[in-house]
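Enquirer: This is model.cif (mmCIF, C-alpha atoms and all ligand atoms).
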```
data_model
loop_
_atom_site.label_atom_id
_atom_site.label_comp_id
_atom_site.auth_asym_id
_atom_site.auth_seq_id
_atom_site.Cartn_x
_atom_site.Cartn_y
_atom_site.Cartn_z
CA MET A 1358 10.71 8.88 -5.13
CA ALA A 1359 11.34 9.87 -1.49
CA ASP A 1360 11.56 13.61 -0.97
CA PRO A 1361 12.00 14.03 2.81
CA ASN A 1362 12.74 17.79 2.62
CA ASP A 1363 10.21 18.47 -0.15
CA SER A 1364 12.98 19.76 -2.45
CA ASP A 1365 10.58 20.00 -5.40
CA GLY A 1366 8.22 22.20 -3.33
CA ASP A 1367 4.99 20.34 -4.21
CA GLY A 1368 4.00 19.96 -0.54
CA ILE A 1369 4.57 16.19 -0.69
CA SER A 1370 7.51 14.70 1.21
CA GLY A 1371 7.26 10.91 1.15
CA VAL A 1372 9.73 8.93 3.25
CA PRO A 1373 10.47 5.20 3.31
CA ASN A 1374 9.87 3.33 6.57
CA TRP A 1375 13.47 2.17 7.18
CA ILE A 1376 13.00 -1.04 9.20
CA THR A 1377 15.15 -3.57 11.01
CA ILE A 1378 14.55 -6.97 9.43
CA PRO A 1379 14.41 -10.32 11.27
CA SER A 1380 17.30 -12.77 10.74
CA TYR A 1381 15.18 -15.25 8.70
CA ILE A 1382 14.80 -12.68 5.89
CA ASN A 1383 17.35 -12.74 3.07
CA PRO A 1384 17.28 -9.16 1.77
CA GLU A 1385 19.12 -10.22 -1.44
CA ASN A 1386 19.93 -7.02 -3.33
CA ALA A 1387 17.55 -4.69 -1.45
CA LEU A 1388 18.77 -1.16 -0.75
CA THR A 1389 20.16 -0.72 2.77
CA GLN A 1390 21.05 2.26 4.96
CA ASN A 1391 22.64 2.01 8.43
CA GLY A 1392 21.66 -1.66 8.54
CA LYS A 1393 17.98 -0.89 7.81
CA TYR A 1394 15.79 -1.77 4.83
CA ILE A 1395 12.78 -0.20 3.12
CA GLY A 1396 9.48 -1.56 4.42
CA ARG A 1397 6.81 -1.92 1.72
CA PHE A 1398 3.93 -4.00 3.05
CA GLY A 1399 1.31 -3.15 5.68
CA LYS A 1400 -0.60 0.07 6.38
CA LYS A 1401 2.57 1.70 7.77
CA ALA A 1402 5.03 -0.19 5.54
CA ALA A 1403 6.52 -2.18 8.43
CA ALA A 1404 7.30 -5.39 6.48
CA ILE A 1405 10.01 -5.75 3.80
CA ASN A 1406 8.40 -8.58 1.82
CA LEU A 1407 5.55 -11.08 1.75
CA LEU A 1408 7.41 -13.63 3.91
CA HIS A 1409 7.86 -11.01 6.64
CA GLN A 1410 4.22 -9.88 6.32
CA THR A 1411 2.92 -13.47 6.35
CA VAL A 1412 5.01 -14.62 9.34
CA ASN A 1413 3.86 -11.53 11.29
CA ALA A 1414 0.23 -12.15 10.34
CA TYR A 1415 0.41 -15.80 11.42
CA ASN A 1416 2.02 -14.78 14.70
CA GLN A 1417 0.30 -11.53 15.64
CA ASP A 1418 -3.10 -11.74 13.92
CA MET A 1419 -3.71 -15.50 14.30
CA GLY A 1420 -1.50 -16.49 17.25
CA ILE A 1421 0.24 -19.22 15.21
CA THR A 1422 3.98 -19.79 15.69
CA SER A 1423 6.44 -20.95 13.02
CA THR A 1424 10.17 -21.66 13.03
CA PHE A 1425 10.52 -18.14 11.56
CA ASN A 1426 8.84 -16.64 14.63
CA PRO A 1427 8.43 -19.24 17.41
CA ILE A 1428 7.49 -16.76 20.18
CA ASP A 1429 3.91 -17.29 21.38
CA VAL A 1430 2.07 -13.94 21.55
CA TYR A 1431 0.07 -14.92 24.65
CA THR A 1432 2.87 -16.24 26.88
CA ASN A 1433 5.83 -14.50 25.23
CA GLU A 1434 7.65 -17.84 25.38
CA GLU A 1435 9.22 -19.87 22.61
CA ILE A 1436 7.04 -22.87 21.71
CA ASP A 1437 7.13 -25.63 19.06
CA PRO A 1438 6.16 -24.30 15.62
CA GLU A 1439 2.42 -24.67 14.91
CA VAL A 1440 2.71 -24.31 11.14
CA ALA A 1441 5.24 -26.04 8.87
CA ASN A 1442 7.77 -23.97 6.88
CA VAL A 1443 6.57 -25.55 3.66
CA THR A 1444 3.04 -24.25 4.31
CA VAL A 1445 4.30 -20.72 5.03
CA ASN A 1446 6.48 -20.78 1.90
CA ASP A 1447 3.64 -22.11 -0.29
CA LEU A 1448 1.35 -19.37 0.99
CA VAL A 1449 3.98 -16.71 0.21
CA PHE A 1450 4.42 -18.13 -3.31
CA TYR A 1451 0.64 -18.03 -3.81
CA LEU A 1452 0.49 -14.37 -2.68
CA LYS A 1453 3.47 -13.40 -4.87
CA THR A 1454 1.90 -14.82 -7.99
CA LEU A 1455 -1.67 -13.55 -7.52
CA LYS A 1456 -2.60 -11.61 -10.64
CA ALA A 1457 -3.25 -7.90 -10.34
CA PRO A 1458 -6.75 -6.91 -11.52
CA ILE A 1459 -6.90 -5.77 -15.14
CA GLN A 1460 -8.27 -2.25 -15.65
CA ARG A 1461 -11.77 -2.17 -17.18
CA ASN A 1462 -13.00 0.36 -19.78
CA GLN A 1463 -9.43 1.48 -20.51
CA ASN A 1464 -10.40 3.07 -23.83
CA ASP A 1465 -13.52 4.87 -22.58
CA THR A 1466 -12.97 8.60 -23.27
CA GLU A 1467 -14.32 9.65 -19.84
CA VAL A 1468 -11.95 7.18 -18.13
CA ILE A 1469 -9.00 8.53 -20.12
CA HIS A 1470 -10.01 12.11 -19.27
CA GLY A 1471 -10.35 11.13 -15.59
CA ARG A 1472 -6.86 9.65 -15.60
CA ASN A 1473 -5.47 12.92 -17.00
CA VAL A 1474 -7.28 15.01 -14.38
CA PHE A 1475 -6.03 12.59 -11.64
CA GLU A 1476 -2.52 13.45 -12.84
CA GLN A 1477 -3.16 17.21 -13.21
CA ILE A 1478 -4.35 17.57 -9.60
CA ASN A 1479 -1.26 15.58 -8.51
CA CYS A 1480 -2.93 12.54 -7.01
CA THR A 1481 0.02 10.84 -8.77
CA GLY A 1482 2.35 12.72 -6.39
CA CYS A 1483 1.70 9.67 -4.13
CA HIS A 1484 -0.47 7.25 -6.11
CA LYS A 1485 2.27 6.59 -8.74
CA SER A 1486 0.95 5.02 -11.90
CA ASN A 1487 4.07 3.43 -13.38
CA LEU A 1488 6.65 1.34 -11.54
CA THR A 1489 9.02 -1.39 -12.72
CA THR A 1490 9.88 -4.51 -10.75
CA GLY A 1491 13.48 -5.55 -10.15
CA TYR A 1492 14.94 -8.99 -10.82
CA SER A 1493 12.82 -11.94 -9.71
CA PRO A 1494 13.58 -15.64 -10.14
CA ILE A 1495 9.90 -15.88 -11.22
CA THR A 1496 10.13 -14.76 -14.88
CA GLY A 1497 6.59 -13.37 -14.94
CA LEU A 1498 7.53 -10.92 -12.18
CA SER A 1499 11.00 -9.93 -13.37
CA PHE A 1500 11.59 -6.38 -14.73
CA LYS A 1501 7.89 -5.84 -15.43
CA SER A 1502 6.22 -2.45 -15.57
CA PHE A 1503 3.03 -2.30 -13.54
CA SER A 1504 0.49 0.28 -12.34
CA PRO A 1505 -0.18 -0.11 -8.61
CA TYR A 1506 -0.96 3.60 -7.94
CA THR A 1507 1.32 3.75 -4.89
CA ASP A 1508 4.84 4.98 -4.08
CA MET A 1509 5.04 2.67 -1.02
CA LEU A 1510 6.21 5.69 1.00
CA LEU A 1511 4.91 7.13 4.27
CA HIS A 1512 3.06 10.45 4.18
CA ASP A 1513 1.78 12.81 6.85
CA MET A 1514 -1.99 12.58 6.26
CA GLY A 1515 -3.02 15.08 8.94
CA SER A 1516 -4.48 14.85 12.43
CA GLY A 1517 -7.86 13.53 11.20
CA LEU A 1518 -6.16 10.23 10.30
CA ASP A 1519 -3.95 9.97 13.42
CA ASP A 1520 -4.47 6.52 15.01
CA GLY A 1521 -2.12 7.04 17.97
CA TYR A 1522 0.15 4.14 16.94
CA THR A 1523 3.69 4.12 15.58
CA GLU A 1524 5.35 1.28 13.63
CA GLY A 1525 9.12 1.52 13.35
CA ILE A 1526 9.79 5.14 12.38
CA ALA A 1527 6.23 5.61 11.02
CA LYS A 1528 4.52 8.30 13.08
CA THR A 1529 0.96 8.14 14.39
CA TYR A 1530 -0.38 10.32 11.52
CA GLU A 1531 1.74 8.73 8.79
CA TRP A 1532 0.41 6.11 6.36
CA ARG A 1533 1.87 4.27 3.40
CA THR A 1534 0.08 5.26 0.18
CA PRO A 1535 -2.30 2.34 -0.45
CA PRO A 1536 -2.28 0.88 -3.98
CA LEU A 1537 -5.45 1.81 -5.89
CA TRP A 1538 -5.41 -1.17 -8.27
CA GLY A 1539 -8.54 -3.21 -7.66
CA LEU A 1540 -10.31 -0.20 -6.12
CA GLY A 1541 -13.31 -0.48 -8.45
CA LEU A 1542 -13.74 -4.17 -7.59
CA SER A 1543 -13.39 -3.83 -3.82
CA ALA A 1544 -17.00 -2.87 -3.04
CA ASN A 1545 -18.24 -5.98 -4.87
CA SER A 1546 -16.08 -8.21 -2.70
CA GLN A 1547 -17.39 -6.55 0.48
CA GLY A 1548 -21.14 -6.94 0.09
CA GLY A 1549 -21.50 -3.97 -2.27
CA GLN A 1550 -20.06 -1.47 0.22
CA TYR A 1551 -16.75 0.42 0.18
CA PHE A 1552 -14.68 0.41 3.40
CA LEU A 1553 -11.80 2.74 2.51
CA MET A 1554 -8.88 4.33 4.39
CA HIS A 1555 -6.86 2.44 7.03
CA ASP A 1556 -9.81 1.63 9.31
CA GLY A 1557 -12.54 1.42 6.65
CA ARG A 1558 -14.22 4.64 7.78
CA ALA A 1559 -14.85 5.98 4.24
CA ARG A 1560 -17.97 4.50 2.60
CA SER A 1561 -17.35 6.01 -0.83
CA ILE A 1562 -14.40 7.13 -2.96
CA GLU A 1563 -15.51 10.80 -2.61
CA GLN A 1564 -15.49 10.41 1.19
CA ALA A 1565 -11.99 8.90 1.07
CA ILE A 1566 -10.74 11.88 -0.96
CA SER A 1567 -12.38 14.36 1.44
CA MET A 1568 -10.46 12.77 4.35
CA HIS A 1569 -7.05 13.46 2.74
CA GLY A 1570 -5.20 16.03 4.90
CA GLY A 1571 -1.55 16.83 5.64
CA GLU A 1572 0.62 16.43 2.54
CA ALA A 1573 -2.46 15.58 0.45
CA THR A 1574 -4.31 18.83 1.29
CA GLY A 1575 -3.32 20.44 -2.04
CA SER A 1576 -4.70 17.53 -4.04
CA ARG A 1577 -7.92 17.41 -2.02
CA THR A 1578 -8.49 21.16 -2.51
CA ALA A 1579 -7.80 20.80 -6.24
CA PHE A 1580 -10.32 17.94 -6.47
CA ASN A 1581 -12.96 20.01 -4.65
CA SER A 1582 -12.49 22.87 -7.14
CA LEU A 1583 -13.08 20.65 -10.19
CA SER A 1584 -16.25 20.92 -12.29
CA GLN A 1585 -18.82 18.18 -11.61
CA ALA A 1586 -17.96 16.64 -15.00
CA ASP A 1587 -14.24 16.44 -14.14
CA LYS A 1588 -15.01 14.97 -10.68
CA ASN A 1589 -17.23 12.33 -12.30
CA ALA A 1590 -14.45 11.48 -14.77
CA VAL A 1591 -11.89 11.02 -11.95
CA LEU A 1592 -14.35 8.77 -10.08
CA LYS A 1593 -15.09 6.76 -13.25
CA PHE A 1594 -11.34 6.33 -13.81
CA LEU A 1595 -10.83 5.19 -10.18
CA LYS A 1596 -13.69 2.69 -10.53
CA SER A 1597 -12.04 1.29 -13.68
CA LEU A 1598 -8.99 0.26 -11.63
C1 LIG B 1601 0.36 12.94 0.01
C2 LIG B 1601 0.08 11.66 -0.63
C3 LIG B 1601 -1.28 11.47 -1.27
C4 LIG B 1601 -1.90 12.21 -2.24
C5 LIG B 1601 -1.38 13.48 -2.93
C6 LIG B 1601 -3.16 11.57 -2.50
N1 LIG B 1601 -3.30 10.45 -1.72
FE1 LIG B 1601 -4.85 9.15 -1.72
N2 LIG B 1601 -4.09 8.24 -0.09
C7 LIG B 1601 -2.86 8.52 0.49
C8 LIG B 1601 -2.73 7.75 1.71
C9 LIG B 1601 -1.51 7.73 2.61
C10 LIG B 1601 -3.93 7.05 1.87
C11 LIG B 1601 -4.30 6.11 3.03
C12 LIG B 1601 -4.78 6.92 4.23
C13 LIG B 1601 -5.37 6.04 5.31
O1 LIG B 1601 -5.36 4.81 5.18
O2 LIG B 1601 -5.87 6.57 6.33
C14 LIG B 1601 -4.74 7.35 0.69
C15 LIG B 1601 -5.98 6.75 0.41
C16 LIG B 1601 -6.70 6.95 -0.76
C17 LIG B 1601 -7.88 6.21 -1.13
C18 LIG B 1601 -8.50 5.06 -0.35
C19 LIG B 1601 -7.80 3.79 -0.74
C20 LIG B 1601 -8.11 2.61 0.15
O3 LIG B 1601 -7.85 1.48 -0.30
O4 LIG B 1601 -8.55 2.77 1.29
C21 LIG B 1601 -8.31 6.72 -2.34
C22 LIG B 1601 -9.52 6.27 -3.14
C23 LIG B 1601 -7.40 7.78 -2.70
N3 LIG B 1601 -6.42 7.87 -1.73
C24 LIG B 1601 -7.51 8.57 -3.82
C25 LIG B 1601 -6.77 9.74 -4.01
C26 LIG B 1601 -7.08 10.75 -5.00
C27 LIG B 1601 -8.24 10.70 -5.99
C28 LIG B 1601 -6.13 11.74 -4.87
C29 LIG B 1601 -6.07 13.07 -5.59
C30 LIG B 1601 -7.21 13.96 -5.36
C31 LIG B 1601 -5.23 11.33 -3.80
N4 LIG B 1601 -5.66 10.12 -3.31
C32 LIG B 1601 -4.12 12.04 -3.41
C33 LIG B 1601 -1.92 9.39 0.00
C34 LIG B 1601 -2.17 10.36 -0.95
#
```
What is this structure when it is put down as structure tokens?
Ligand code: HEC

Expert:
Amino acid sequence: MADPNDSDGDGISGVPNWITIPSYINPENALTQNGKYIGRFGKKAAAINLLHQTVNAYNQDMGITSTFNPIDVYTNEEIDPEVANVTVNDLVFYLKTLKAPIQRNQNDTEVIHGRNVFEQINCTGCHKSNLTTGYSPITGLSFKSFSPYTDMLLHDMGSGLDDGYTEGIAKTYEWRTPPLWGLGLSANSQGGQYFLMHDGRARSIEQAISMHGGEATGSRTAFNSLSQADKNAVLKFLKSL
């Protein structure tokens, strides 16, 4: 789905974050290019899989070392692992097998109309609705089609969303398309309030859309030009996810 030179001329040029992976990761049959792999997890797609993401979170967010990453973030020195491998692996297995939320009101005519409009104004240029998993030793995850509403690629989202930080080759204004599954349930799990976009600055879905710049400018403009009824249908569809 990457289109670095925007060959199809739709103004959207997603690129993978090609990352160097740590030696404890077995990339199995993942695609590789010049020794790098496609990052998929994290706001700037800097982790290849859930083990990588989890080990980094233990180490960098919680200051907990493991045999995977034994370097203490405070002293920069190698110390004895503070969490057992079995715990890390169990946590990764738990995350891998968490069920994706099931869409509500799938047969509601306004929701169906909203989904069509979402496609017409090319929100699906980044928020891809249909992907298929590759092989997994967990049967329930192997070769399954699923609807995450992401392409897992990095996009230039404009200067308004520039956070001044890079991760790997991801630039300061580039973000991985976030999955939209579970969007309609997220407010409920956060005290009835939405906190959208990478730093939670958008307090509603409309606000999140209005902050789309860069490669998403075309889609934002198209959304703004919709009739109120079409806008409402798109929002109802997004809340059904
Ligand atoms: C060029 C790619 C692209 C297009 C086109 C696009 N988006 Fe996004 N969208 C993103 C990225 C990247 C983010 C995350 C930006 C950030 O975190 O600052 C995002 C964030 C969002 C969010 C917030 C999600 C969250 O969990 O915080 C919503 C809702 C959303 N988009 C809906 C839409 C809708 C509706 C459209 C069509 C009008 C659209 N997007 C078009 C790339 C895109």

Enquirer: Quick one: residues within 8 Å of ligand LIG 1601 (chain B), with all atoms listed in the file, as a PyMOL selection string?

Expert: chain A and resi 1368-1371+1400+1475+1478-1484+1511-1514+1518+1531-1537+1540+1552-1557+1559+1562-1563+1565-1566+1568-1569+1571-1580+1591-1592+1595

Enquirer: Take the residues from that selection and put them in a file with C-alpha atoms, as a PDB file, keeping the file's coordinate frame.

Expert:
```pdb
ATOM      1  CA  GLY A1368       4.000  19.960  -0.540  1.00  0.00           C
ATOM      2  CA  ILE A1369       4.570  16.190  -0.690  1.00  0.00           C
ATOM      3  CA  SER A1370       7.510  14.700   1.210  1.00  0.00           C
ATOM      4  CA  GLY A1371       7.260  10.910   1.150  1.00  0.00           C
ATOM      5  CA  LYS A1400      -0.600   0.070   6.380  1.00  0.00           C
ATOM      6  CA  PHE A1475      -6.030  12.590 -11.640  1.00  0.00           C
ATOM      7  CA  ILE A1478      -4.350  17.570  -9.600  1.00  0.00           C
ATOM      8  CA  ASN A1479      -1.260  15.580  -8.510  1.00  0.00           C
ATOM      9  CA  CYS A1480      -2.930  12.540  -7.010  1.00  0.00           C
ATOM     10  CA  THR A1481       0.020  10.840  -8.770  1.00  0.00           C
ATOM     11  CA  GLY A1482       2.350  12.720  -6.390  1.00  0.00           C
ATOM     12  CA  CYS A1483       1.700   9.670  -4.130  1.00  0.00           C
ATOM     13  CA  HIS A1484      -0.470   7.250  -6.110  1.00  0.00           C
ATOM     14  CA  LEU A1511       4.910   7.130   4.270  1.00  0.00           C
ATOM     15  CA  HIS A1512       3.060  10.450   4.180  1.00  0.00           C
ATOM     16  CA  ASP A1513       1.780  12.810   6.850  1.00  0.00           C
ATOM     17  CA  MET A1514      -1.990  12.580   6.260  1.00  0.00           C
ATOM     18  CA  LEU A1518      -6.160  10.230  10.300  1.00  0.00           C
ATOM     19  CA  GLU A1531       1.740   8.730   8.790  1.00  0.00           C
ATOM     20  CA  TRP A1532       0.410   6.110   6.360  1.00  0.00           C
ATOM     21  CA  ARG A1533       1.870   4.270   3.400  1.00  0.00           C
ATOM     22  CA  THR A1534       0.080   5.260   0.180  1.00  0.00           C
ATOM     23  CA  PRO A1535      -2.300   2.340  -0.450  1.00  0.00           C
ATOM     24  CA  PRO A1536      -2.280   0.880  -3.980  1.00  0.00           C
ATOM     25  CA  LEU A1537      -5.450   1.810  -5.890  1.00  0.00           C
ATOM     26  CA  LEU A1540     -10.310  -0.200  -6.120  1.00  0.00           C
ATOM     27  CA  PHE A1552     -14.680   0.410   3.400  1.00  0.00           C
ATOM     28  CA  LEU A1553     -11.800   2.740   2.510  1.00  0.00           C
ATOM     29  CA  MET A1554      -8.880   4.330   4.390  1.00  0.00           C
ATOM     30  CA  HIS A1555      -6.860   2.440   7.030  1.00  0.00           C
ATOM     31  CA  ASP A1556      -9.810   1.630   9.310  1.00  0.00           C
ATOM     32  CA  GLY A1557     -12.540   1.420   6.650  1.00  0.00           C
ATOM     33  CA  ALA A1559     -14.850   5.980   4.240  1.00  0.00           C
ATOM     34  CA  ILE A1562     -14.400   7.130  -2.960  1.00  0.00           C
ATOM     35  CA  GLU A1563     -15.510  10.800  -2.610  1.00  0.00           C
ATOM     36  CA  ALA A1565     -11.990   8.900   1.070  1.00  0.00           C
ATOM     37  CA  ILE A1566     -10.740  11.880  -0.960  1.00  0.00           C
ATOM     38  CA  MET A1568     -10.460  12.770   4.350  1.00  0.00           C
ATOM     39  CA  HIS A1569      -7.050  13.460   2.740  1.00  0.00           C
ATOM     40  CA  GLY A1571      -1.550  16.830   5.640  1.00  0.00           C
ATOM     41  CA  GLU A1572       0.620  16.430   2.540  1.00  0.00           C
ATOM     42  CA  ALA A1573      -2.460  15.580   0.450  1.00  0.00           C
ATOM     43  CA  THR A1574      -4.310  18.830   1.290  1.00  0.00           C
ATOM     44  CA  GLY A1575      -3.320  20.440  -2.040  1.00  0.00           C
ATOM     45  CA  SER A1576      -4.700  17.530  -4.040  1.00  0.00           C
ATOM     46  CA  ARG A1577      -7.920  17.410  -2.020  1.00  0.00           C
ATOM     47  CA  THR A1578      -8.490  21.160  -2.510  1.00  0.00           C
ATOM     48  CA  ALA A1579      -7.800  20.800  -6.240  1.00  0.00           C
ATOM     49  CA  PHE A1580     -10.320  17.940  -6.470  1.00  0.00           C
ATOM     50  CA  VAL A1591     -11.890  11.020 -11.950  1.00  0.00           C
ATOM     51  CA  LEU A1592     -14.350   8.770 -10.080  1.00  0.00           C
ATOM     52  CA  LEU A1595     -10.830   5.190 -10.180  1.00  0.00           C
TER      53      LEU A1595
END
```

Enquirer: Using all atoms listed in the file for the distances, tell me which of A:Asn1487, A:Ser1561, A:Ser1504, A:Asn1462 is nearest to Gly1549 of chain A.

Expert: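 Of A:Asn1487, A:Ser1561, A:Ser1504, A:Asn1462, the one nearest Gly1549 of chain A, counting all atoms listed in the file, is A:Ser1561.
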
Enquirer: Atom CA of Asn1362 of chain A to atom CA of Asn1406 of chain A: how many Å, to one decimal?

Expert: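 Atom CA of Asn1406 of chain A lies at a distance of 26.7 Å from atom CA of Asn1362 of chain A.
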
Enquirer: Show which residues sit within 10 Å of segment 1417-1429 of chain A, as a VMD selection string. Count only C-alpha atoms, and ignore same-chain residues fewer than 5 positions away.

Expert: chain A and resid 1379 to 1382 1408 to 1409 1411 to 1412 1434 to 1442 1444 to 1445

Enquirer: Using Å and a single decimal, report how far atom CA of Ile1459 of chain A sits from atom CA of Lys1596 of chain A.

Expert: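 Rounded to one decimal, the two atoms are 11.8 Å apart.
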
Enquirer: I need every residue sitting at most 10 Å from the point (7.1, -1.9, 6.8) (coordinates as in the file, only C-alpha atoms considered), written as a list of chain:residue names.

Expert: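 Within 10 Å of (7.1, -1.9, 6.8), the protein and nucleic acid residues are A:Pro1373, A:Asn1374, A:Trp1375, A:Ile1376, A:Thr1377, A:Ile1378, A:Tyr1394, A:Ile1395, A:Gly1396, A:Arg1397, A:Phe1398, A:Gly1399, A:Lys1400, A:Lys1401, A:Ala1402, A:Ala1403, A:Ala1404, A:Ile1405, A:Asn1406, A:His1409, A:Gln1410, A:Met1509, A:Leu1510, A:Leu1511, A:Glu1524, A:Gly1525, A:Ile1526, A:Ala1527, A:Arg1533.
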
Enquirer: In Å, with one decimal, what is the gap from atom CA of Tyr1451 of chain A to atom CA of Gly1497 of chain A?

Expert: 13.5 Å

Enquirer: Please put the answer as lines of an AutoDock Vina configuration file: centre and edge lengths, in Å with one decimal, of a box along x, y and z that encloses all listed atoms of segment 1432-1450 of chain A plus 8 Å on each side.

Expert:
```
center_x = 5.3
center_y = -20.3
center_z = 11.8
size_x = 23.9
size_y = 27.5
size_z = 46.2
```
